[in-house]
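Here is entry.txt, consisting of compact mmCIF, C-alpha atoms:
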```txt
# COMPACT_ATOMS: atom_id res chain seq x y z
CA MET A 1 -74.45 -23.69 23.98
CA ALA A 2 -70.74 -24.00 24.78
CA MET A 3 -71.32 -22.84 28.34
CA GLY A 4 -74.21 -25.27 28.72
CA ALA A 5 -72.17 -28.15 27.33
CA ALA A 6 -69.32 -27.47 29.77
CA SER A 7 -71.49 -27.06 32.86
CA PHE A 8 -73.72 -30.06 32.19
CA GLY A 9 -70.66 -32.01 31.11
CA GLY A 10 -69.17 -31.53 34.56
CA TRP A 11 -72.49 -32.54 36.10
CA GLY A 12 -72.75 -35.63 33.89
CA LEU A 13 -69.20 -36.78 34.62
CA LEU A 14 -69.91 -37.17 38.32
CA LEU A 15 -73.66 -37.87 38.34
CA PRO A 16 -73.30 -41.69 38.36
CA VAL A 17 -69.76 -41.65 39.79
CA VAL A 18 -70.42 -40.04 43.17
CA PRO A 19 -73.17 -42.51 44.27
CA LEU A 20 -70.98 -45.40 43.09
CA ALA A 21 -67.96 -44.06 44.98
CA VAL A 22 -70.02 -43.56 48.14
CA SER A 23 -71.43 -47.08 47.78
CA GLN A 24 -67.95 -48.54 47.39
CA SER A 25 -66.85 -46.74 50.55
CA GLY A 26 -69.29 -48.99 52.46
CA ALA A 27 -72.51 -46.94 52.51
CA SER A 28 -75.96 -48.36 51.73
CA ASP A 29 -77.78 -47.80 48.43
CA ALA A 30 -80.05 -45.27 50.15
CA VAL A 31 -77.08 -43.23 51.41
CA ALA A 32 -75.37 -43.46 48.02
CA ALA A 33 -78.51 -42.19 46.27
CA ALA A 34 -78.77 -39.44 48.91
CA SER A 35 -75.62 -37.88 47.42
CA THR A 36 -77.71 -37.09 44.33
CA ALA A 37 -80.70 -36.08 46.44
CA ILE A 38 -78.79 -33.58 48.59
CA PHE A 39 -77.09 -32.17 45.49
CA MET A 40 -80.53 -31.53 44.01
CA ALA A 41 -81.90 -30.19 47.30
CA THR A 42 -79.32 -27.40 47.46
CA THR A 43 -79.83 -26.87 43.73
CA VAL A 44 -83.54 -26.24 44.35
CA ILE A 45 -82.92 -23.94 47.32
CA THR A 46 -80.48 -21.88 45.27
CA GLN A 47 -82.88 -21.68 42.34
CA LEU A 48 -85.37 -19.82 44.50
CA PHE A 49 -82.97 -16.87 44.68
CA VAL A 50 -81.59 -16.85 41.13
CA PRO A 51 -84.26 -14.55 39.56
CA SER A 52 -83.38 -11.80 42.04
CA MET A 53 -79.66 -12.45 41.45
CA LEU A 54 -80.20 -12.01 37.72
CA MET A 55 -81.97 -8.69 38.27
CA LYS A 56 -79.11 -7.42 40.45
CA VAL A 57 -75.95 -8.60 38.68
CA GLY A 58 -77.05 -10.02 35.31
CA HIS A 59 -76.75 -13.42 33.69
CA ARG A 60 -73.00 -13.50 33.13
CA ALA A 61 -72.00 -13.02 36.77
CA VAL A 62 -74.47 -15.67 37.96
CA LEU A 63 -73.33 -18.15 35.31
CA ALA A 64 -69.65 -17.58 36.15
CA ALA A 65 -70.26 -18.16 39.86
CA GLY A 66 -72.23 -21.30 39.00
CA CYS A 67 -69.40 -22.76 36.90
CA LEU A 68 -66.90 -22.27 39.74
CA LEU A 69 -69.15 -23.63 42.50
CA LEU A 70 -70.16 -26.70 40.49
CA GLY A 71 -66.61 -27.50 39.44
CA LEU A 72 -63.94 -26.62 42.01
CA PRO A 73 -65.46 -28.43 45.06
CA ALA A 74 -65.23 -31.72 43.13
CA LEU A 75 -61.52 -31.73 44.02
CA LEU A 76 -62.54 -32.42 47.62
CA PHE A 77 -63.79 -35.87 46.59
CA ILE A 78 -60.13 -36.79 46.15
CA VAL A 79 -59.71 -36.34 49.90
CA SER A 80 -62.70 -38.50 50.90
CA VAL A 81 -65.81 -40.14 49.50
CA GLU A 82 -67.04 -41.29 52.90
CA ALA A 83 -70.73 -40.53 53.38
CA ALA A 84 -70.56 -37.34 55.49
CA PRO A 85 -67.90 -35.40 53.53
CA ALA A 86 -69.27 -36.60 50.19
CA LEU A 87 -72.76 -35.36 51.07
CA ALA A 88 -71.33 -32.01 52.18
CA VAL A 89 -69.41 -31.55 48.93
CA SER A 90 -72.48 -32.58 46.94
CA ALA A 91 -74.49 -29.92 48.75
CA LEU A 92 -71.92 -27.24 47.87
CA ARG A 93 -71.78 -28.26 44.21
CA GLY A 94 -75.56 -28.16 44.06
CA THR A 95 -75.57 -24.42 44.73
CA GLY A 96 -73.52 -23.84 41.59
CA PHE A 97 -75.76 -26.10 39.55
CA GLY A 98 -78.80 -24.18 40.77
CA MET A 99 -77.33 -20.95 39.40
CA LEU A 100 -76.42 -22.53 36.07
CA THR A 101 -79.75 -24.22 35.39
CA VAL A 102 -81.96 -21.17 35.94
CA ALA A 103 -79.66 -18.57 34.38
CA GLY A 104 -78.76 -20.87 31.47
CA ALA A 105 -82.38 -21.51 30.49
CA ALA A 106 -83.43 -17.89 31.08
CA ILE A 107 -80.71 -16.40 28.88
CA VAL A 108 -81.86 -18.54 25.95
CA ALA A 109 -85.36 -17.12 26.32
CA GLU A 110 -83.96 -13.58 26.62
CA LEU A 111 -81.79 -13.88 23.48
CA ALA A 112 -84.01 -15.94 21.13
CA PRO A 113 -86.79 -14.47 18.96
CA THR A 114 -90.12 -15.50 20.44
CA ALA A 115 -91.25 -17.34 17.30
CA LEU A 116 -88.11 -19.51 17.47
CA LEU A 117 -88.18 -20.18 21.20
CA GLY A 118 -89.04 -23.87 20.82
CA ARG A 119 -86.14 -24.50 18.45
CA ALA A 120 -83.78 -22.32 20.49
CA THR A 121 -84.43 -24.30 23.66
CA GLY A 122 -84.09 -27.45 21.53
CA ALA A 123 -80.68 -26.31 20.26
CA GLN A 124 -79.54 -25.63 23.82
CA GLY A 125 -80.87 -29.06 24.72
CA ILE A 126 -78.74 -30.59 21.96
CA ALA A 127 -75.61 -29.02 23.45
CA VAL A 128 -76.49 -30.35 26.90
CA ALA A 129 -77.49 -33.82 25.65
CA LEU A 130 -74.38 -34.22 23.50
CA SER A 131 -72.23 -33.30 26.45
CA GLN A 132 -74.00 -35.77 28.73
CA MET A 133 -73.84 -38.45 26.05
CA VAL A 134 -70.06 -38.26 26.25
CA THR A 135 -69.55 -37.57 29.94
CA LEU A 136 -71.99 -40.03 31.57
CA PRO A 137 -70.18 -43.16 30.32
CA LEU A 138 -66.78 -41.45 30.33
CA GLY A 139 -67.04 -40.68 34.03
CA LEU A 140 -67.64 -44.33 34.90
CA VAL A 141 -64.81 -45.51 32.64
CA ILE A 142 -62.31 -43.03 34.08
CA PHE A 143 -63.44 -43.78 37.64
CA ALA A 144 -62.71 -47.48 37.12
CA ALA A 145 -59.17 -46.58 36.04
CA SER A 146 -58.44 -43.62 38.32
CA PRO A 147 -60.92 -42.03 40.76
CA THR A 148 -58.58 -39.05 41.20
CA ALA A 149 -58.59 -38.34 37.46
CA VAL A 150 -62.38 -38.26 37.18
CA PHE A 151 -62.69 -35.86 40.12
CA VAL A 152 -60.06 -33.55 38.61
CA LEU A 153 -61.96 -33.57 35.31
CA GLY A 154 -65.19 -32.94 37.24
CA ALA A 155 -63.59 -29.73 38.49
CA LEU A 156 -62.00 -28.59 35.22
CA VAL A 157 -64.85 -29.17 32.77
CA PRO A 158 -67.37 -26.78 34.42
CA ALA A 159 -64.59 -24.23 34.92
CA ALA A 160 -64.03 -24.30 31.14
CA GLY A 161 -67.56 -22.92 30.82
CA LEU A 162 -66.15 -19.56 31.94
CA ILE A 163 -64.88 -19.11 28.36
CA GLY A 164 -68.40 -19.30 27.01
CA VAL A 165 -69.70 -17.04 29.78
CA ALA A 166 -67.11 -14.37 28.92
CA LEU A 167 -68.33 -14.29 25.31
CA LEU A 168 -72.03 -13.86 26.18
CA PRO A 169 -73.58 -10.42 25.71
CA PRO A 170 -74.39 -8.47 28.90
CA THR A 171 -77.98 -9.49 29.66
CA ARG A 172 -80.48 -8.88 32.46
CA PRO A 173 -84.10 -10.01 32.77
CA ALA A 174 -86.80 -7.86 31.19
CA PRO A 175 -88.42 -5.33 33.57
CA GLN A 176 -91.05 -6.88 35.78
CA PRO A 177 -94.71 -5.89 35.22
CA PRO A 178 -96.62 -3.85 37.80
CA ARG A 179 -97.63 -5.86 40.87
CA ILE A 180 -101.30 -5.96 39.87
CA GLU A 181 -100.35 -7.69 36.59
CA ARG A 182 -98.10 -10.28 38.18
CA VAL A 183 -100.97 -12.33 39.58
CA ARG A 184 -102.64 -12.81 36.19
CA LEU A 185 -101.28 -16.25 35.53
CA ASP A 186 -103.15 -19.36 34.41
CA VAL A 187 -102.06 -21.68 37.22
CA ARG A 188 -103.13 -24.85 35.42
CA ARG A 189 -101.10 -23.98 32.32
CA PHE A 190 -98.08 -23.38 34.52
CA LEU A 191 -98.39 -26.34 36.89
CA VAL A 192 -98.92 -29.05 34.27
CA PRO A 193 -95.48 -28.63 32.61
CA CYS A 194 -93.84 -28.54 36.05
CA LEU A 195 -95.57 -31.79 37.03
CA VAL A 196 -94.54 -33.38 33.72
CA VAL A 197 -90.85 -32.55 34.06
CA ALA A 198 -90.77 -33.49 37.76
CA SER A 199 -92.11 -36.99 37.09
CA VAL A 200 -89.70 -37.91 34.29
CA SER A 201 -86.77 -36.29 36.09
CA ALA A 202 -87.52 -38.39 39.18
CA ALA A 203 -87.16 -41.51 37.04
CA TYR A 204 -83.93 -40.17 35.52
CA GLY A 205 -82.48 -39.45 38.96
CA GLY A 206 -83.18 -42.99 40.11
CA ILE A 207 -81.93 -44.63 36.91
CA THR A 208 -78.61 -42.73 36.76
CA SER A 209 -77.94 -43.21 40.48
CA LEU A 210 -78.92 -46.87 40.82
CA LEU A 211 -78.30 -48.63 37.49
CA PRO A 212 -74.49 -48.48 37.87
CA ILE A 213 -74.88 -50.04 41.34
CA ALA A 214 -77.50 -52.60 40.28
CA GLU A 215 -75.33 -53.74 37.35
CA SER A 216 -71.89 -53.09 38.83
CA ASN A 217 -70.49 -56.15 37.04
CA ARG A 218 -71.49 -54.60 33.70
CA ALA A 219 -70.41 -51.01 34.36
CA ALA A 220 -69.19 -50.36 30.80
CA MET A 221 -72.49 -51.56 29.32
CA ILE A 222 -74.50 -49.38 31.73
CA GLY A 223 -72.31 -46.38 30.92
CA LEU A 224 -73.05 -46.93 27.24
CA ALA A 225 -76.77 -47.28 27.95
CA LEU A 226 -76.73 -43.94 29.79
CA ALA A 227 -74.99 -42.42 26.78
CA VAL A 228 -77.79 -43.77 24.59
CA VAL A 229 -80.31 -42.08 26.92
CA SER A 230 -78.53 -38.76 26.33
CA ALA A 231 -78.39 -39.29 22.56
CA ALA A 232 -82.09 -40.12 22.46
CA MET A 233 -82.82 -37.04 24.60
CA LEU A 234 -81.13 -34.96 21.92
CA VAL A 235 -83.57 -36.28 19.32
CA GLY A 236 -86.58 -35.89 21.58
CA ARG A 237 -85.77 -32.33 22.58
CA TYR A 238 -85.25 -30.97 19.11
CA VAL A 239 -88.23 -32.75 17.58
CA ALA A 240 -90.45 -31.42 20.39
CA GLY A 241 -89.07 -27.91 19.84
CA SER A 242 -89.86 -28.04 16.13
CA VAL A 243 -93.35 -29.35 16.83
CA ALA A 244 -93.96 -26.54 19.34
CA ASP A 245 -92.93 -23.83 16.85
CA ARG A 246 -94.66 -25.26 13.81
CA ILE A 247 -97.76 -27.09 15.09
CA GLY A 248 -98.45 -26.00 18.66
CA ILE A 249 -97.12 -25.94 22.20
CA GLY A 250 -97.91 -28.98 24.31
CA ARG A 251 -98.58 -31.40 21.43
CA SER A 252 -95.61 -33.64 22.31
CA VAL A 253 -96.19 -34.08 26.03
CA PHE A 254 -98.58 -37.05 26.16
CA PRO A 255 -96.78 -39.29 23.61
CA ALA A 256 -93.47 -38.34 25.21
CA LEU A 257 -94.68 -39.42 28.66
CA VAL A 258 -95.93 -42.72 27.25
CA SER A 259 -92.56 -43.38 25.60
CA ALA A 260 -90.73 -42.56 28.82
CA ALA A 261 -93.00 -44.82 30.88
CA ILE A 262 -92.44 -47.78 28.55
CA GLY A 263 -88.69 -47.21 28.73
CA ILE A 264 -88.72 -47.16 32.54
CA ALA A 265 -90.82 -50.32 32.62
CA LEU A 266 -88.24 -52.05 30.43
CA PHE A 267 -85.50 -50.91 32.82
CA ALA A 268 -87.53 -52.53 35.61
CA ILE A 269 -87.64 -55.81 33.68
CA ALA A 270 -83.93 -55.56 32.83
CA ALA A 271 -83.11 -55.08 36.53
CA LEU A 272 -84.44 -58.61 37.25
CA GLY A 273 -80.93 -59.79 36.44
CA ASN A 274 -79.10 -61.59 33.63
CA MET A 275 -81.18 -59.84 31.00
CA PRO A 276 -79.76 -59.30 27.48
CA ALA A 277 -77.87 -56.05 26.99
CA ALA A 278 -80.20 -55.22 24.08
CA LEU A 279 -83.08 -54.72 26.53
CA PHE A 280 -81.17 -51.97 28.32
CA PHE A 281 -80.56 -50.17 25.02
CA VAL A 282 -84.19 -50.41 23.87
CA ALA A 283 -85.22 -49.01 27.27
CA ALA A 284 -82.61 -46.25 26.94
CA VAL A 285 -83.88 -45.17 23.51
CA LEU A 286 -87.56 -45.06 24.52
CA PHE A 287 -86.92 -43.35 27.83
CA GLY A 288 -84.43 -40.88 26.36
CA ILE A 289 -86.72 -39.77 23.52
CA GLY A 290 -89.64 -39.31 25.92
CA TYR A 291 -87.53 -37.58 28.55
CA GLY A 292 -85.99 -35.16 26.05
CA ALA A 293 -89.33 -34.28 24.47
CA CYS A 294 -90.89 -33.75 27.91
CA GLN A 295 -88.05 -31.44 28.91
CA ASN A 296 -88.32 -29.23 25.86
CA ASP A 297 -92.09 -29.04 25.52
CA SER A 298 -92.67 -28.49 29.23
CA LEU A 299 -90.09 -25.66 29.29
CA VAL A 300 -91.69 -23.89 26.32
CA MET A 301 -95.12 -24.42 27.92
CA ALA A 302 -93.85 -22.75 31.10
CA PHE A 303 -92.35 -19.80 29.19
CA ASP A 304 -95.56 -19.39 27.18
CA ALA A 305 -97.74 -19.48 30.30
CA ALA A 306 -95.53 -16.98 32.14
CA GLY A 307 -94.92 -14.46 29.35
CA PRO A 308 -91.71 -12.53 28.46
CA ALA A 309 -91.74 -10.42 31.63
CA ARG A 310 -91.55 -13.57 33.77
CA TYR A 311 -89.01 -15.66 31.82
CA SER A 312 -86.49 -15.79 34.67
CA SER A 313 -89.20 -16.73 37.20
CA ALA A 314 -90.60 -19.37 34.83
CA SER A 315 -87.09 -20.77 34.39
CA ALA A 316 -86.64 -20.91 38.16
CA VAL A 317 -89.93 -22.74 38.81
CA TRP A 318 -89.41 -25.18 35.92
CA ASN A 319 -85.83 -25.92 37.00
CA ILE A 320 -86.95 -26.39 40.59
CA SER A 321 -89.46 -28.97 39.35
CA PHE A 322 -86.77 -30.63 37.23
CA ASP A 323 -84.12 -30.80 39.94
CA ALA A 324 -86.45 -31.52 42.86
CA GLY A 325 -87.80 -34.40 40.81
CA THR A 326 -84.29 -35.67 40.05
CA GLY A 327 -83.23 -35.55 43.69
CA ALA A 328 -86.47 -36.95 45.09
CA GLY A 329 -86.44 -39.72 42.53
CA ALA A 330 -82.88 -40.72 43.39
CA LEU A 331 -83.66 -40.79 47.10
CA ALA A 332 -87.05 -42.53 46.80
CA LEU A 333 -85.79 -45.19 44.40
CA GLY A 334 -82.72 -45.67 46.59
CA VAL A 335 -84.96 -46.37 49.58
CA LEU A 336 -87.17 -48.70 47.52
CA ALA A 337 -84.14 -50.53 46.12
CA THR A 338 -82.81 -51.06 49.64
CA SER A 339 -86.13 -52.40 50.93
CA VAL A 340 -87.86 -54.17 48.02
CA GLY A 341 -85.35 -54.27 45.16
CA TYR A 342 -84.44 -52.39 41.99
CA THR A 343 -87.23 -53.82 39.84
CA ALA A 344 -89.95 -52.62 42.21
CA GLY A 345 -88.33 -49.19 42.41
CA PHE A 346 -88.22 -48.71 38.64
CA ALA A 347 -91.75 -50.10 38.30
CA ALA A 348 -92.98 -47.47 40.78
CA ALA A 349 -91.29 -44.75 38.71
CA ALA A 350 -92.99 -46.03 35.54
CA ALA A 351 -96.39 -46.05 37.28
CA THR A 352 -95.88 -42.46 38.43
CA VAL A 353 -95.17 -41.30 34.87
CA VAL A 354 -98.30 -43.11 33.62
CA VAL A 355 -100.42 -41.26 36.20
CA VAL A 356 -98.90 -37.92 35.17
CA ALA A 357 -99.57 -38.75 31.51
CA ALA A 358 -103.24 -39.22 32.36
CA VAL A 359 -103.31 -35.92 34.27
CA ALA A 360 -101.62 -34.08 31.39
CA LEU A 361 -104.13 -35.51 28.92
CA ILE A 362 -107.13 -34.54 31.04
CA ALA A 363 -105.87 -31.09 32.06
CA ARG A 364 -104.20 -30.10 28.81
CA PRO A 365 -104.87 -26.53 27.68
CA ARG A 366 -105.71 -25.78 24.06
CA PRO A 367 -102.34 -25.92 22.22
CA ASP A 368 -101.40 -22.65 20.56
CA ARG A 369 -98.57 -21.46 18.45
CA LEU A 370 -96.09 -19.12 20.03
CA PRO A 371 -96.94 -15.49 19.24
CA THR A 372 -95.01 -14.05 16.29
```
Exercise: express the given structure as structure tokens:
Amino acid sequence: MAMGAASFGGWGLLLPVVPLAVSQSGASDAVAAASTAIFMATTVITQLFVPSMLMKVGHRAVLAAGCLLLGLPALLFIVSVEAAPALAVSALRGTGFGMLTVAGAAIVAELAPTALLGRATGAQGIAVALSQMVTLPLGLVIFAASPTAVFVLGALVPAAGLIGVALLPPTRPAPQPPRIERVRLDVRRFLVPCLVVASVSAAYGGITSLLPIAESNRAAMIGLALAVVSAAMLVGRYVAGSVADRIGIGRSVFPALVSAAIGIALFAIAALGNMPAALFFVAAVLFGIGYGACQNDSLVMAFDAAGPARYSSASAVWNISFDAGTGAGALALGVLATSVGYTAGFAAAAATVVVVAAVALIARPRPDRLPT
């Protein structure tokens, strides 16, 4: 949990800051949002190779490398936040984040008792959400006072995760099953949670990248709204984890998607301009609860569909869906915002989540308890 808080804290510090800095250097909204998109693109590419890394060197070595690669390159933003160098640094940092996301989720599944997996992933989600709740607004506040300071913190906070990594037990993935058994996977059960997390993450990528630009004259208020999203995610993740353990896996997905869609729609209305601050916070609560619940329930659904022998692979595929969605959402909404405006972009994100909610409802498998 400490390692997760540090690594995601470093990510959260700079998530809204880098697009804003690139925008202020003279780039368009689409280019600014591309800094998030390219970060997530290299994250996804790296995630493809993390399961084999875990088999070869174990979780601790991968997590340590991830902390260093996510953190230390942030110092290069001090030199320049022009489009080309900023995109290059974002790409490098994304490789570290790719290592951290897959290995961090997989080690929770390796260490937790199976019957407590929902609550264990929820507890890890609390650590991550608490960290983001602090760092998302803090990054914007510090950037307004001193861009150099926020980039230095963006380097140091993930590096502090090395302390947590050092205290983890030596862990490697469980032995893989024979090749003939590896293909026995219910594809529908596995693809639905990936589609769920990709859709809500796409909205999150667009919101965190573009809201600070859309409401640049109310940066402090937007930073606080993003903190509320993280706080609400904390509630959503743990409640969904408890429901998964006690009632059944997958029970939270549909209502969570509906909550997230309503929240995004309210963000679209708020982006019309001169809307009361209260509307942003209502949107943040609804979206955050739905987003957090979708994260937790979809991850447990993926682990359950894959089985213990495939936890690291399930973590990789789920995280690829999560991060590809975040990057694609940032880029797509950036393009839409440039061409047709912020409101239309957020409305498109809300419509996408509604469609996925319908798919999840139609294709849902029979919810089961985790095996004990």
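Omitting A:Val18 and its sequence neighbours fewer than 2 positions away, and counting all atoms listed in the file, the residues within 8 Å are A:Leu14, A:Leu15, A:Pro16, A:Leu20, A:Ala21, A:Val22, A:Ala32, A:Ser35, A:Thr36, A:Val81, A:Ala86.
Separating atom CA of A:Ser315 from atom CA of A:Val50 is a distance of 9.5 Å.
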Can I get the residues of stretch 2-72 of chain A within 12 Å of stretch 117-135 of chain A, each with the closest pair of atoms and their distance in Å to one decimal, using all atoms listed in the file, sorted chain first then ascending number, as a Markdown table?
```
| residue | atom | partner | partner_atom | distance |
| --- | --- | --- | --- | --- |
| A:Ala2 | CA | A:Ala127 | CA | 7.1 |
| A:Met3 | CA | A:Ala127 | CA | 9.0 |
| A:Gly4 | CA | A:Val128 | CA | 5.9 |
| A:Ala5 | CA | A:Val128 | CA | 4.9 |
| A:Ala6 | CA | A:Ser131 | CA | 7.3 |
| A:Ser7 | CA | A:Val128 | CA | 8.4 |
| A:Phe8 | CA | A:Val128 | CA | 6.0 |
| A:Gly9 | CA | A:Ser131 | CA | 5.1 |
| A:Gly10 | CA | A:Thr135 | CA | 7.6 |
| A:Trp11 | CA | A:Gln132 | CA | 8.2 |
| A:Gly12 | CA | A:Gln132 | CA | 5.3 |
| A:Leu13 | CA | A:Thr135 | CA | 4.8 |
| A:Leu14 | CA | A:Thr135 | CA | 8.4 |
| A:Leu15 | CA | A:Thr135 | CA | 9.4 |
| A:Pro16 | CA | A:Thr135 | CA | 10.1 |
| A:Val17 | CA | A:Thr135 | CA | 10.7 |
```
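Nearest residue to A:Leu138, choosing from A:Ala309, A:Gly206, A:Leu234, A:Ala225 and counting only C-alpha atoms: A:Ala225.
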Work out how far apart atom CA of A:Arg246 and atom CA of A:Val300 are and give it in Å to one decimal. 12.9 Å
For A:Ala328, which residue among A:Val196, A:Val79, A:Ala277, A:Ala349 is the nearest when counting all atoms listed in the file? A:Ala349
Distance criterion (all atoms listed in the file): nearest to A:Ala149 out of A:Leu75, A:Leu266, A:Ala203, A:Val228: A:Leu75
Quick one: of A:Pro147, A:Pro170, A:Gly98, A:Gly290, who's nearest to A:Asn319, counting only C-alpha atoms? A:Gly98
